[in-house]
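Participant: Can you read through this structure? Questions will come right after.
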Number of protein chains: 6
Amino acid sequence: MKDKLKIFCCGSNCDLTQDIADVLGLDVSPLKISRFSNDNLSVQIQENVRERDVFVVQSLTTPVSEHLMEMLITMDALRSASAGRITAVIPYYSYARSDKKDAPRISITARLIADLLKTAGADRVLTMDLHSAQVHGFFSMPVDHLTAISTIADYMKNKANKENMIVVATDAGGAKRAGRFAEKLDAPIAIIDKRRLSDTEVAQGEVVGNVRGKDAVIFDDEIATGSTILETIKTLRKAGVGKIYVSAVHAVLCGEAAGRLKEAEVEEVIVTNTVAIPEEKKLSNMVILSVAPLMAEAMRRIHTGESVGALFPH
Amino acid sequence: MKDKLKIFCCGSNCDLTQDIADVLGLDVSPLKISRFSNDNLSVQIQENVRERDVFVVQSLTTPVSEHLMEMLITMDALRSASAGRITAVIPYYSYARSDKKDAPRISITARLIADLLKTAGADRVLTMDLHSAQVHGFFSMPVDHLTAISTIADYMKNKANKENMIVVATDAGGAKRAGRFAEKLDAPIAIIDKRRLSDTEVAQGEVVGNVRGKDAVIFDDEIATGSTILETIKTLRKAGVGKIYVSAVHAVLCGEAAGRLKEAEVEEVIVTNTVAIPEEKKLSNMVILSVAPLMAEAMRRIHTGESVGALFPH
Amino acid sequence: MKDKLKIFCCGSNCDLTQDIADVLGLDVSPLKISRFSNDNLSVQIQENVRERDVFVVQSLTTPVSEHLMEMLITMDALRSASAGRITAVIPYYSYARSDKKDAPRISITARLIADLLKTAGADRVLTMDLHSAQVHGFFSMPVDHLTAISTIADYMKNKANKENMIVVATDAGGAKRAGRFAEKLDAPIAIIDKRRLSDTEVAQGEVVGNVRGKDAVIFDDEIATGSTILETIKTLRKAGVGKIYVSAVHAVLCGEAAGRLKEAEVEEVIVTNTVAIPEEKKLSNMVILSVAPLMAEAMRRIHTGESVGALFPH
Amino acid sequence: MKDKLKIFCCGSNCDLTQDIADVLGLDVSPLKISRFSNDNLSVQIQENVRERDVFVVQSLTTPVSEHLMEMLITMDALRSASAGRITAVIPYYSYARSDKKDAPRISITARLIADLLKTAGADRVLTMDLHSAQVHGFFSMPVDHLTAISTIADYMKNKANKENMIVVATDAGGAKRAGRFAEKLDAPIAIIDKRRLSDTEVAQGEVVGNVRGKDAVIFDDEIATGSTILETIKTLRKAGVGKIYVSAVHAVLCGEAAGRLKEAEVEEVIVTNTVAIPEEKKLSNMVILSVAPLMAEAMRRIHTGESVGALFPH
Amino acid sequence: MKDKLKIFCCGSNCDLTQDIADVLGLDVSPLKISRFSNDNLSVQIQENVRERDVFVVQSLTTPVSEHLMEMLITMDALRSASAGRITAVIPYYSYARSDKKDAPRISITARLIADLLKTAGADRVLTMDLHSAQVHGFFSMPVDHLTAISTIADYMKNKANKENMIVVATDAGGAKRAGRFAEKLDAPIAIIDKRRLSDTEVAQGEVVGNVRGKDAVIFDDEIATGSTILETIKTLRKAGVGKIYVSAVHAVLCGEAAGRLKEAEVEEVIVTNTVAIPEEKKLSNMVILSVAPLMAEAMRRIHTGESVGALFPH
Amino acid sequence: MKDKLKIFCCGSNCDLTQDIADVLGLDVSPLKISRFSNDNLSVQIQENVRERDVFVVQSLTTPVSEHLMEMLITMDALRSASAGRITAVIPYYSYARSDKKDAPRISITARLIADLLKTAGADRVLTMDLHSAQVHGFFSMPVDHLTAISTIADYMKNKANKENMIVVATDAGGAKRAGRFAEKLDAPIAIIDKRRLSDTEVAQGEVVGNVRGKDAVIFDDEIATGSTILETIKTLRKAGVGKIYVSAVHAVLCGEAAGRLKEAEVEEVIVTNTVAIPEEKKLSNMVILSVAPLMAEAMRRIHTGESVGALFPH
């Protein structure tokens with residue numbers, strides 16, 4: 001395997017890439033990304049990749065366009081350097097929320113990105129917890145779609161007072177995801193029902209379900225600005241909830257998100273390392289679970305042709 | 001328009017096709033579908049279609065494979081007969097529920113069907129109320145995705161006791177759709193939370209939300225066997241609900257569905273004519289709203305290049 | 001080979017699939033085809049197929065649309081389950097007779113099916129005795145096109161009175177195929193010349209060639225309703241022929257075909273097992289030759305990269 | 001029409017192109033084909049073609065590769081010059097006989113040529129009397145496939161002794177084509193049955209059918225070297241035939257063909273002008289029927305969107 | 001035209017877009033580009049574009065990845081909003097210098113970008129002065145490739161002392177472009193010959209050609225950092241040149257470029273407005289020629305189907 | 001390697017193919033190219049190629065269209081014979097000079113040829129010294145682009161008087177190539193500056209750079225008619241040059257080229273064997289360097305997956 005499987009890191013999440021490589025007992029292969037004075041990117045693969053089974057790791061985090069272009073150019077360079085097979089490993093696929101037309105004349109950008117990845121040379125994709133399971137179908141190539149739901153649920157199971165927990169979805173669209181998570185915890189669910197007052201305004205939400213006196217575990221796929229989480233927390237507290245845990249797979253944490261979460265004074269914030277979290281955004285009550293063992297095992301199985309589905313049941 | 005726009009009916013829903021043509025003041029163009037002794041289908045377009053703007057109407061109802069093949073062969077014949085543009089009009093796109101991989105090594109068939117339609121020559125698609133909005137992104141061609149939510153909501157608004165209504169989703173996955181419907185009615189929502197006991201068994205659901213004494217409007221995209229609806233009704237009655245209305249866009253009504261609905265003794269069953277309902281399945285308390293005006297107007301706008309999005313905001 | 005080559009059966013001809021697997025010393029891999037209440041098909045591959053060399057066996061027999069859809073969905077599931085290579089094994093490719101435009105504005109459906117197979121993920125095709133050799137060119141992927149002509153000719157060679165035989169084509173379009181068969185038997189040929197009286201009526205045929213007192217071997221690619229064969233038999237008898245043998249590769253045997261053949265009282269009806277023949281259609285004078293050894297050997301050679309052409313000269 | 005429809009001639013059959021343009025009342029648009037010293041071809045379109053409906057006429061006659069490349073480069077230049085639609089008009093599509101795999105590891109070149117035409121920019125094809133009707137299905141774009149069978153049959157109908165005529169196919173493969181021609185003449189058919197003695201040798205043919213005393217009309221799609229025709233004539237004379245007429249659509253007339261036909265002393269040789277016939281190959285008893293009116297009418301209808309199938313029933 | 005032709009501006013060069021629209025007597029159509037908190041871009045077309053002939057103007061200037069993504073998402077939104085034809089108008093195509101493999105395992109990114117534009121929905125491209133003429137061939141769609149060489153040459157012709165001018169290319173690769181420019185001015189040329197000392201170091205250049213006492217017009221396709229221009233100026237001064245003019249089509253002017261040019265104290269710096277130049281980078285001796293009339297006329301001709309090549313001979 | 005790697009020769013340069021095979025210790029695999037009487041080509045691969053790694057060698061020399069079609073048909077036959085991978089080895093890619101639009105409405109034929117090769121089944125390309133490095137980007141598959149610059153430079157380094165050499169480009173477009181060659185020799189460069197007097201006439205060139213008394217090495221990618229070289233020689237002699245060497249990679253030598261070179265009385269003419277040179281064109285002062293070792297090593301590395309870039313830095 002050491003000879004044929006190669007891992008490249010495009011720069012957005014080198015710690016995770018290194019962790020994955022460590023699990024597999026491999027080195028991350030060298031790649032040089034530079035930038036010309038006119039802001040054009042240049043990528044050079046610094047190792048022979050002919051006929052190799054290549055994995056390129058990149059999370060589509062800020063700056064998203066840059067990170068995407070780095071990945072596209074890297075894959076194009078790999079393909080023209082005769083790589084045997086190219087797997088785009090995208091722990092956080094950010095455009096996944098642009099997965100439908102909820103306004104006229106907009107792009108279903110999650111589909112466009114899937115097409116761009118194919119154009120640039122990706123043969124397959126390995127990703128985690130897409131915003132909706134349907135995004136899988138946007139790809140015209142094989143996709144292995146992992147989930148950290150079990151990883152997070154396993155962690156929560158060891159908390160005291162597990163019997164008193166209720167899983168909360170931040171809106172109706174997240175009810176299904178929350179349901180799957182609740183199933184692992186054997187807990188009931190509640191959802192926050194929000195209404196559009198106009199195209200731009202959304203009314204304060206109402207809790208659907210009985211949360212009074214319960215310990216709430218808010219569960220979402222990602223925490224971006226944190227404002228949805230904050231409003232959910234307020235709504236829950238008004239409804240007389242007990243302790244609050246916040247959990248999400250992708251810790252995007254834009255702008256004031258970390259600050260807001262700190263002020264919210266919840267028990268714990270449980271996330272994973274699909275997105276690299278800068279030191280200054282790590283809170284004292286933040287638990288960061290690693291997806292490296294999961295991704296490494298998936299990559300090993302993809303490489304050797306073992307069943308991935310058998311390992312990670314959906 | 002009369003000269004350039006042509007409508008063909010593939011056989012699964014000729015009443016709706018005729019209604020649409022009537023709205024547009026057009027005739028349905030002749031098409032001959034026959035079957036050889038070896039069960040091979042044969043389609044002949046019986047009118048010149050060179051450079052014409054052609055719409056082919058087919059709902060993917062039982063027998064689905066036959067209806068799909070009729071549509072594919074018809075479009076292939078149209079394309080090789082030099083049709084100018086071919087729009088696949090699919091009022092009910094049945095495979096839309098196969099939109100994700102919820103088990104290993106299965107097909108995301110909603111995507112496959114989209115690809116087959118393209119292979120057979122479809123230039124664009126006009127459809128209604130796909131099971132999930134994301135299925136839109138499975139198509140690599142322009143799609144106009146209409147919804148009958150307003151049609152049904154407008155009907156419900158005229159019911160007495162509107163203030164006491166609550167919209168109910170039959171499972172967590174339908175919460176978002178129910179939310180949009182509830183928004184039109186300015187009513188709260190509740191959902192039925194069901195748990196998988198094993199791969200094949202699902203536990204009795206629990207109501208999330210307060211339904212006691214309210215008039216429930218169950219809303220779903222389709223009624224297939226009716227068993228989900230029936231269980232929802234049971235659960236709601238156990239929770240002390242008032243009157244029950246059942247509403248859905250697609251009246252698939254397989255097997256015993258009509259009988260079950262009859263026995264359920266709800267106030268009304270409100271559906272549309274995206275699926276042709278045989279006389280014996282029409283219940284005395286069934287209201288069938290027509291989507292012909294909506295589809296006809298969309299087809300007229302597609303043909304003349306007017307905005308469809310402006311007409312039917314999502 | 002046992003580890004890497006996998007055979008799946010889509011349901012239309014499981015006996016043949018099992019025979020092929022037996023020749024190769026393999027098991028048929030498990031596949032679950034189910035049907036939702038709304039008539040949607042669902043296929044689940046029940047074994048890991050990553051990087052495997054997969055063969056999917058399906059004859060496109062009645063119900064053709066169902067059997068085709070089963071095959072398309074199966075291949076799509078295999079592809080997205082990362083199968084290494086997918087060979088569509090189609091012993092009887094039914095739409096092969098729709099291979100040209102003999103009326104305006106019809107589909108060349110044999111080409112459409114070829115394109116659909118590609119869209120669904122087929123990498124190559126293995127088939128037998130296509131209605132015309134040109135259909136091979138409809139595929140944009142490698143095709144191995146086997147023939148049972150030698151299999152049937154070898155059987156006929158052992159009949160008494162071989163010197164007195166004449167091969168008869170049922171119409172002018174079959175003259176070439178009959179000629180190739182006659183060459184193997186070293187026998188002369190005759191053809192039935194039929195004329196269209198109108199678009200729907202065809203006149204009684206005339207024998208071209210001298211059949212008086214000879215033993216006729218009618219040879220065709222398939223027997224569907226049997227009416228063509230029956231008329232050929234009548235015409236031959238009127239022309240003073242001796243014994244009559246009926247032979248064809250594909251025993252489609254629709255509707256009354258078996259009954260008609262029985263009443264025709266010919267010496268023997270020689271066919272192969274490319275189509276599964278139900279017990280009630282098996283006649284006492286029917287000889288069913290197995291193509292399993294031929295197909296198994298072709299599959300073995302495809303898998304190991306040995307020459308298939310060298311084995312089965314056309 | 002004069003403004004939007006443009007006809008270009010690639011050089012292999014300028015007389016026919018001019019005749020077609022004359023029928024349509026148009027000029028042939030200027031095109032410059034030159035050749036660099038290193039034998040590279042260079043094509044310049046010498047008129048603005050943006051958004052125009054362009055027809056490029058080229059018969060694939062000797063030198064075939066040159067003529068094909070001229071056509072491909074011309075279409076590529078037209079496409080990149082923003083032509084609105086490009087129709088490849090190929091009166092004689094020479095590779096049509098390479099339409100199947102009758103030996104291992106050969107190319108089905110008729111399909112390859114179809115793919116190359118598409119790659120170079122053809123949007124549709126207009127051609128005549130392909131060697132087999134199935135070649136139509138090799139194209140992944142609309143094809144209008146005309147036939148000169150009626151043109152030749154209409155001419156033959158005016159011959160004396162029409163009641164005594166028999167149509168003769170030069171081999172079993174041509175039986176179907178001969179049958180269609182015979183139908184127009186209301187005459188019986190005979191075929192020449194030839195056997196392969198080895199891979200390279202073919203035995204003298206035998207007449208199947210009764211030709212004694214009849215006037216034979218040999219009918220084929222093309223006359224290449226004329227040797228098949230010559231052998232057919234010998235075989236027919238040995239069988240006691242009366243007068244002999246030779247007819248074919250494409251007068252390829254390679255090498256000694258014209259000389260052989262002259263020595264054969266048949267009544268007449270009836271061909272069309274799909275291939276340009278040099279003066280020295282025109283025999284005194286040769287009748288050259290023009291397909292220009294047929295092709296011009298087809299082009300006019302393609303341009304205006306009228307039915308072509310209605311005009312030329314197959 | 002006003003109804004059917006629509007111009008959109010993606011944000012990198014709105015002044016030029018407005019100038020083009022003014023020339024055409026049109027308004028720039030509204031487009032909303034916004035950014036989610038997770039840095040995902042969102043584009044909404046704010047006007048009906050069905051069947052319209054749409055032009056999207058975007059120069060690929062800093063930040064290049066952002067500007068490229070804006071353009072790709074905009075075109076995807078236009079396509080799915082059923083735009084009739086989409087022309088990507090790219091006055092400055094920045095990645096054009098990545099047009100070859102001058103190091104192992106790099107991307108020919110100019111080709112990749114061309115493919116991405118096609119994937120996102122571009123039907124054609126309008127651009128100016130690509131770094132090398134060959135980049136035109138990277139596109140698999142029609143390209144109109146304009147040049148500002150005449151625009152700049154016309155300006156220079158009115159300078160005093162025209163007879164004493166010599167055109168200077170900054171390296172051997174620019175000799176051809178300089179030659180074409182010199183031809184318009186009827187002036188001789190010189191080139192700077194530079195040698196690589198190692199992979200990263202390049203030696204001081206030498207002047208090839210006689211520049212002593214002449215007025216030099218340095219001509220390049222773009223000015224990025226200005227360092228190449230600066231070194232050329234030094235080399236020329238050492239070689240005893242007279243006055244120096246600096247001219248280039250694309251005023252990229254990264255980092256210190258403007259400052260360096262100011263210090264270089266040349267007569268004039270002549271550029272165009274293909275790239276938007278911020279006020280602080282405009283020098284007192286800078287002449288900015290507008291390409292708006294040229295681009296507007298090309299767009300008008302593309303829209304109406306008139307010859308573009310006839311207008312702007314290369 | 002002997003079993004899996006196969007080399008085929010399409011006929012234009014069998015000596016080079018044999019030399020390459022000799023270096024690799026392999027036999028050239030048998031291929032039969034024949035021609036039907038109607039000038040249609042027929043190719044039969046005469047060895048099993050299933051899953052093999054196949055290299056097809058063909059230089060696109062006169063007659064170019066024939067040689068190209070031979071290659072396309074050969075690759076199509078290989079693909080449909082299930083070859084594992086097909087590499088088009090094109091030592092001389094003649095259409096490479098048609099790499100841009102230097103006149104309106106012409107084809108960028110170098111791109112068209114690249115697309116045709118792909119359509120016919122090429123998986124990758126191995127070629128040498130394309131006219132411009134950008135042509136590499138015309139291919140949508142991996143290309144290994146070798147150069148003989150070092151081969152020729154190494155030869156020249158051993159000449160006496162190396163210190164007095166100057167490399168001369170025959171026009172501005174060749175300045176960059178000459179510069180790279182000069183770098184290897186550590187010599188200065190000069191270029192011939194030529195002006196178009198009209199579309200068809202080009203003025204006598206002028207030397208840019210100081211050549212007086214120096215020994216000139218004219219370097220070009222190919223020698224076609226030799227007229228450019230001859231004019232360069234005249235211009236150099238008028239400018240007082242010393243000895244003259246002529247060097248080029250591709251010895252196309254059309255028409256009078258060899259005669260002209262002979263009369264030019266230069267020291268030596270140094271070329272390679274990418275093009276087969278007939279005996280009568282070999283001059284007494286011609287040095288033919290073999291590229292077989294270079295190409296053989298590249299093919300070996302492509303086959304085994306070793307780095308090609310590492311071996312042949314550009």
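The chains in the structure tokens are called A, B, ... from first to last as shown; in each chain the residues are counted from 1, and the ligands are counted from 1 in the order shown.
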Using only C-alpha atoms, tabulate the residues of chain C lying at most 8 Å from any atom of chain A, each with its closest atom pair and that distance in Å to one decimal, by chain and increasing residue number, as CSV.
Facilitator:
```
residue,atom,partner,partner_atom,distance
C:Asn48,CA,A:Ser307,CA,5.4
C:Val49,CA,A:Ser307,CA,7.7
C:Arg50,CA,A:Gly305,CA,4.8
C:Glu51,CA,A:Gly305,CA,5.6
C:Arg79,CA,A:Pro142,CA,7.1
C:Ser80,CA,A:Pro142,CA,4.7
C:Ala81,CA,A:Pro142,CA,6.9
C:Ser82,CA,A:Pro142,CA,6.2
```
Participant: For B:Gln18, please output as a PyMOL selection string all residues within 10 Å (counting only C-alpha atoms; exclusion window: fewer than 2 positions along the same chain).
Facilitator: chain B and resi 7-9+13-16+20-24+26-28+292
Participant: Kindly export the residues of the current selection with N, CA, C and O atoms, as a CSV table (one decimal), in the first residue's frame.
Facilitator:
```csv
chain,number,residue,atom,x,y,z
B,7,ILE,N,-48.2,19.1,-28.1
B,7,ILE,CA,-48.3,18.3,-26.9
B,7,ILE,C,-48.6,16.9,-27.2
B,7,ILE,O,-49.5,16.6,-28.0
B,8,PHE,N,-47.8,16.0,-26.7
B,8,PHE,CA,-48.0,14.6,-26.9
B,8,PHE,C,-48.3,13.9,-25.5
B,8,PHE,O,-47.8,14.3,-24.5
B,9,CYS,N,-49.2,12.9,-25.6
B,9,CYS,CA,-49.5,12.2,-24.4
B,9,CYS,C,-49.0,10.8,-24.5
B,9,CYS,O,-49.3,10.1,-25.5
B,13,ASN,N,-51.6,9.5,-18.3
B,13,ASN,CA,-52.5,10.5,-17.7
B,13,ASN,C,-53.1,11.3,-18.8
B,13,ASN,O,-52.9,12.5,-18.9
B,14,CYS,N,-53.9,10.7,-19.7
B,14,CYS,CA,-54.5,11.4,-20.8
B,14,CYS,C,-55.5,12.5,-20.5
B,14,CYS,O,-55.7,13.5,-21.2
B,15,ASP,N,-56.2,12.3,-19.4
B,15,ASP,CA,-57.2,13.3,-18.9
B,15,ASP,C,-56.5,14.6,-18.6
B,15,ASP,O,-56.9,15.7,-19.1
B,16,LEU,N,-55.5,14.5,-17.8
B,16,LEU,CA,-54.7,15.7,-17.5
B,16,LEU,C,-54.1,16.4,-18.7
B,16,LEU,O,-54.2,17.6,-18.9
B,20,ILE,N,-54.9,20.1,-20.0
B,20,ILE,CA,-53.8,21.1,-20.3
B,20,ILE,C,-54.0,21.7,-21.7
B,20,ILE,O,-53.9,22.9,-21.9
B,21,ALA,N,-54.2,20.8,-22.6
B,21,ALA,CA,-54.3,21.2,-24.0
B,21,ALA,C,-55.6,22.2,-24.2
B,21,ALA,O,-55.5,23.2,-24.9
B,22,ASP,N,-56.6,21.8,-23.5
B,22,ASP,CA,-57.8,22.7,-23.5
B,22,ASP,C,-57.5,24.1,-23.0
B,22,ASP,O,-58.0,25.1,-23.6
B,23,VAL,N,-56.8,24.1,-21.9
B,23,VAL,CA,-56.5,25.4,-21.4
B,23,VAL,C,-55.7,26.3,-22.4
B,23,VAL,O,-55.9,27.5,-22.5
B,24,LEU,N,-54.8,25.6,-23.1
B,24,LEU,CA,-54.0,26.3,-24.1
B,24,LEU,C,-54.7,26.5,-25.4
B,24,LEU,O,-54.1,27.1,-26.3
B,26,LEU,N,-55.3,24.1,-27.6
B,26,LEU,CA,-54.6,23.2,-28.6
B,26,LEU,C,-55.2,21.8,-28.6
B,26,LEU,O,-55.9,21.4,-27.7
B,27,ASP,N,-54.8,21.1,-29.7
B,27,ASP,CA,-55.1,19.7,-29.7
B,27,ASP,C,-54.0,18.9,-29.2
B,27,ASP,O,-52.8,19.3,-29.3
B,28,VAL,N,-54.2,17.7,-28.6
B,28,VAL,CA,-53.1,16.8,-28.3
B,28,VAL,C,-52.7,16.1,-29.6
B,28,VAL,O,-53.6,15.7,-30.4
B,292,ALA,N,-54.0,21.3,-14.0
B,292,ALA,CA,-53.9,21.7,-15.4
B,292,ALA,C,-53.7,23.2,-15.6
B,292,ALA,O,-52.9,23.5,-16.5
```
Participant: Compile the contact shell of E:Lys159 as a PyMOL selection string: residues with an atom at most 12 Å away, counting only C-alpha atoms, same-chain residues fewer than 3 positions apart removed.
Facilitator: chain E and resi 152-156+162-165+185+215+217+243+245+267-268
Participant: Could you please take those selected residues and save N, CA, C and O atoms as a compact mmCIF listing (two decimals), in the first residue's frame?
Facilitator:
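For reference, again_20.txt as written:
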```txt
# COMPACT_ATOMS: atom_id res chain seq x y z
N ILE E 152 -3.68 50.44 -29.76
CA ILE E 152 -2.46 51.04 -29.21
C ILE E 152 -1.57 51.58 -30.33
O ILE E 152 -1.01 52.67 -30.23
N ALA E 153 -1.46 50.83 -31.43
CA ALA E 153 -0.61 51.27 -32.53
C ALA E 153 -1.13 52.57 -33.13
O ALA E 153 -0.36 53.47 -33.45
N ASP E 154 -2.47 52.66 -33.26
CA ASP E 154 -3.04 53.90 -33.80
C ASP E 154 -2.66 55.09 -32.92
O ASP E 154 -2.37 56.17 -33.42
N TYR E 155 -2.69 54.86 -31.62
CA TYR E 155 -2.32 55.94 -30.71
C TYR E 155 -0.84 56.34 -30.91
O TYR E 155 -0.51 57.51 -31.00
N MET E 156 0.03 55.34 -31.01
CA MET E 156 1.47 55.61 -31.12
C MET E 156 1.83 56.28 -32.44
O MET E 156 2.81 57.04 -32.51
N LYS E 162 8.16 59.36 -35.14
CA LYS E 162 7.76 57.98 -35.40
C LYS E 162 8.81 57.23 -36.18
O LYS E 162 8.96 56.02 -36.03
N GLU E 163 9.55 57.96 -37.01
CA GLU E 163 10.53 57.27 -37.86
C GLU E 163 11.66 56.68 -37.04
O GLU E 163 12.34 55.75 -37.48
N ASN E 164 11.88 57.21 -35.89
CA ASN E 164 13.02 56.76 -35.08
C ASN E 164 12.66 55.64 -34.10
O ASN E 164 13.47 55.24 -33.28
N MET E 165 11.43 55.17 -34.17
CA MET E 165 10.99 54.20 -33.16
C MET E 165 11.50 52.78 -33.43
O MET E 165 11.66 52.36 -34.57
N LEU E 185 3.29 49.75 -36.94
CA LEU E 185 4.00 51.04 -36.83
C LEU E 185 5.04 51.19 -37.92
O LEU E 185 5.67 52.24 -38.03
N ASP E 215 14.15 55.61 -30.24
CA ASP E 215 13.09 55.72 -29.23
C ASP E 215 12.40 54.36 -29.13
O ASP E 215 11.83 53.87 -30.10
N VAL E 217 9.73 51.52 -27.97
CA VAL E 217 8.37 51.26 -27.48
C VAL E 217 8.34 49.81 -26.99
O VAL E 217 8.32 48.88 -27.79
N LYS E 243 14.32 57.93 -26.05
CA LYS E 243 13.12 57.94 -25.21
C LYS E 243 12.57 56.52 -25.07
O LYS E 243 12.77 55.68 -25.95
N TYR E 245 8.92 54.40 -24.30
CA TYR E 245 7.48 54.28 -24.08
C TYR E 245 7.19 52.85 -23.63
O TYR E 245 7.80 51.91 -24.14
N GLU E 267 8.50 58.04 -21.00
CA GLU E 267 7.67 59.09 -21.61
C GLU E 267 6.20 58.88 -21.28
O GLU E 267 5.54 59.75 -20.75
N GLU E 268 5.74 57.70 -21.64
CA GLU E 268 4.33 57.41 -21.43
C GLU E 268 4.14 55.93 -21.13
O GLU E 268 4.94 55.09 -21.57
```
Participant: Determine, counting only C-alpha atoms, which protein, DNA and RNA residues have an atom within 12 Å of an atom of F:Tyr95; residues of the same chain fewer than 6 positions away are not included. Present the result as a ChimeraX atom specification.
Facilitator: /D:35-42,73 /F:59-62,64-65,68,107-114,130-132,135,138,222
Participant: Rounded to one decimal place, report the atom CA of A:Arg177-atom CA of B:Glu206 distance in Å.
Facilitator: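 Between atom CA of A:Arg177 and atom CA of B:Glu206 the gap is 16.9 Å.
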Participant: Expressed in Å to a single decimal, how great is the separation between atom CA of A:Val54 and atom CA of A:Arg300?
Facilitator: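 Separation between atom CA of A:Val54 and atom CA of A:Arg300: 11.6 Å.
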Participant: With only C-alpha atoms as the counted atoms, please give the residues lying no more than 10 Å from A:Gly11, apart from itself and same-chain residues fewer than 4 positions off, as a ChimeraX atom specification.
Facilitator: /A:15,17,31-33,57-59,67,70-71
Participant: With N, CA and C atoms retained, export the selected residues as a compact mmCIF listing (two decimals), in the first residue's frame.
Facilitator:
```
# COMPACT_ATOMS: atom_id res chain seq x y z
N ASP A 15 -3.58 19.49 9.40
CA ASP A 15 -3.52 18.68 10.63
C ASP A 15 -4.31 17.39 10.44
N THR A 17 -5.09 15.98 7.62
CA THR A 17 -4.41 15.16 6.61
C THR A 17 -3.27 14.38 7.26
N LEU A 31 3.65 18.71 -2.23
CA LEU A 31 2.88 19.46 -3.21
C LEU A 31 3.24 20.91 -3.01
N LYS A 32 3.51 21.63 -4.10
CA LYS A 32 3.86 23.04 -3.92
C LYS A 32 2.79 23.93 -4.54
N ILE A 33 2.11 24.71 -3.69
CA ILE A 33 1.13 25.64 -4.20
C ILE A 33 1.71 27.04 -4.07
N VAL A 57 -6.72 15.77 -0.08
CA VAL A 57 -7.55 16.20 1.04
C VAL A 57 -7.71 17.72 1.05
N GLN A 58 -8.92 18.19 1.05
CA GLN A 58 -9.18 19.63 1.12
C GLN A 58 -10.58 19.86 1.66
N SER A 59 -10.67 20.63 2.74
CA SER A 59 -11.98 21.06 3.23
C SER A 59 -12.30 22.40 2.59
N HIS A 67 -9.70 27.77 -1.93
CA HIS A 67 -9.50 26.36 -1.59
C HIS A 67 -10.04 25.45 -2.68
N GLU A 70 -7.57 25.65 -5.63
CA GLU A 70 -6.38 24.86 -5.32
C GLU A 70 -6.63 23.37 -5.59
N MET A 71 -7.81 22.91 -5.17
CA MET A 71 -8.13 21.50 -5.35
C MET A 71 -8.31 21.16 -6.83
```
Participant: Could you check how far atom CA of A:Gly205 sits from atom CA of B:Arg237, in Å to one decimal?
Facilitator: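 Spanning atom CA of A:Gly205 to atom CA of B:Arg237 is a straight-line distance of 26.6 Å.
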Participant: Give me, as a ChimeraX atom specification, the residues of stretch 71-248 of chain B that a backbone DSSP run labels helix (DSSP H, G or I).
Facilitator: /B:71-80,94-97,109-120,133-138,149-157,162-164,172-185,227-238
Participant: In stretch 145-271 of chain A, what's strand (DSSP E or B) per DSSP? Answer as a VMD selection string?
Facilitator: chain A and resid 145 to 146 165 to 169 189 to 193 196 202 206 to 208 215 to 222 244 to 250 268 to 271
Participant: Show me, as a list in words, the residues that have an atom within 7 Å of F:Gln134 when counting only C-alpha atoms, minus same-chain residues fewer than 5 positions from it.
Facilitator: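 Those residues are Asp99, Lys100 and Gln134 of chain E.
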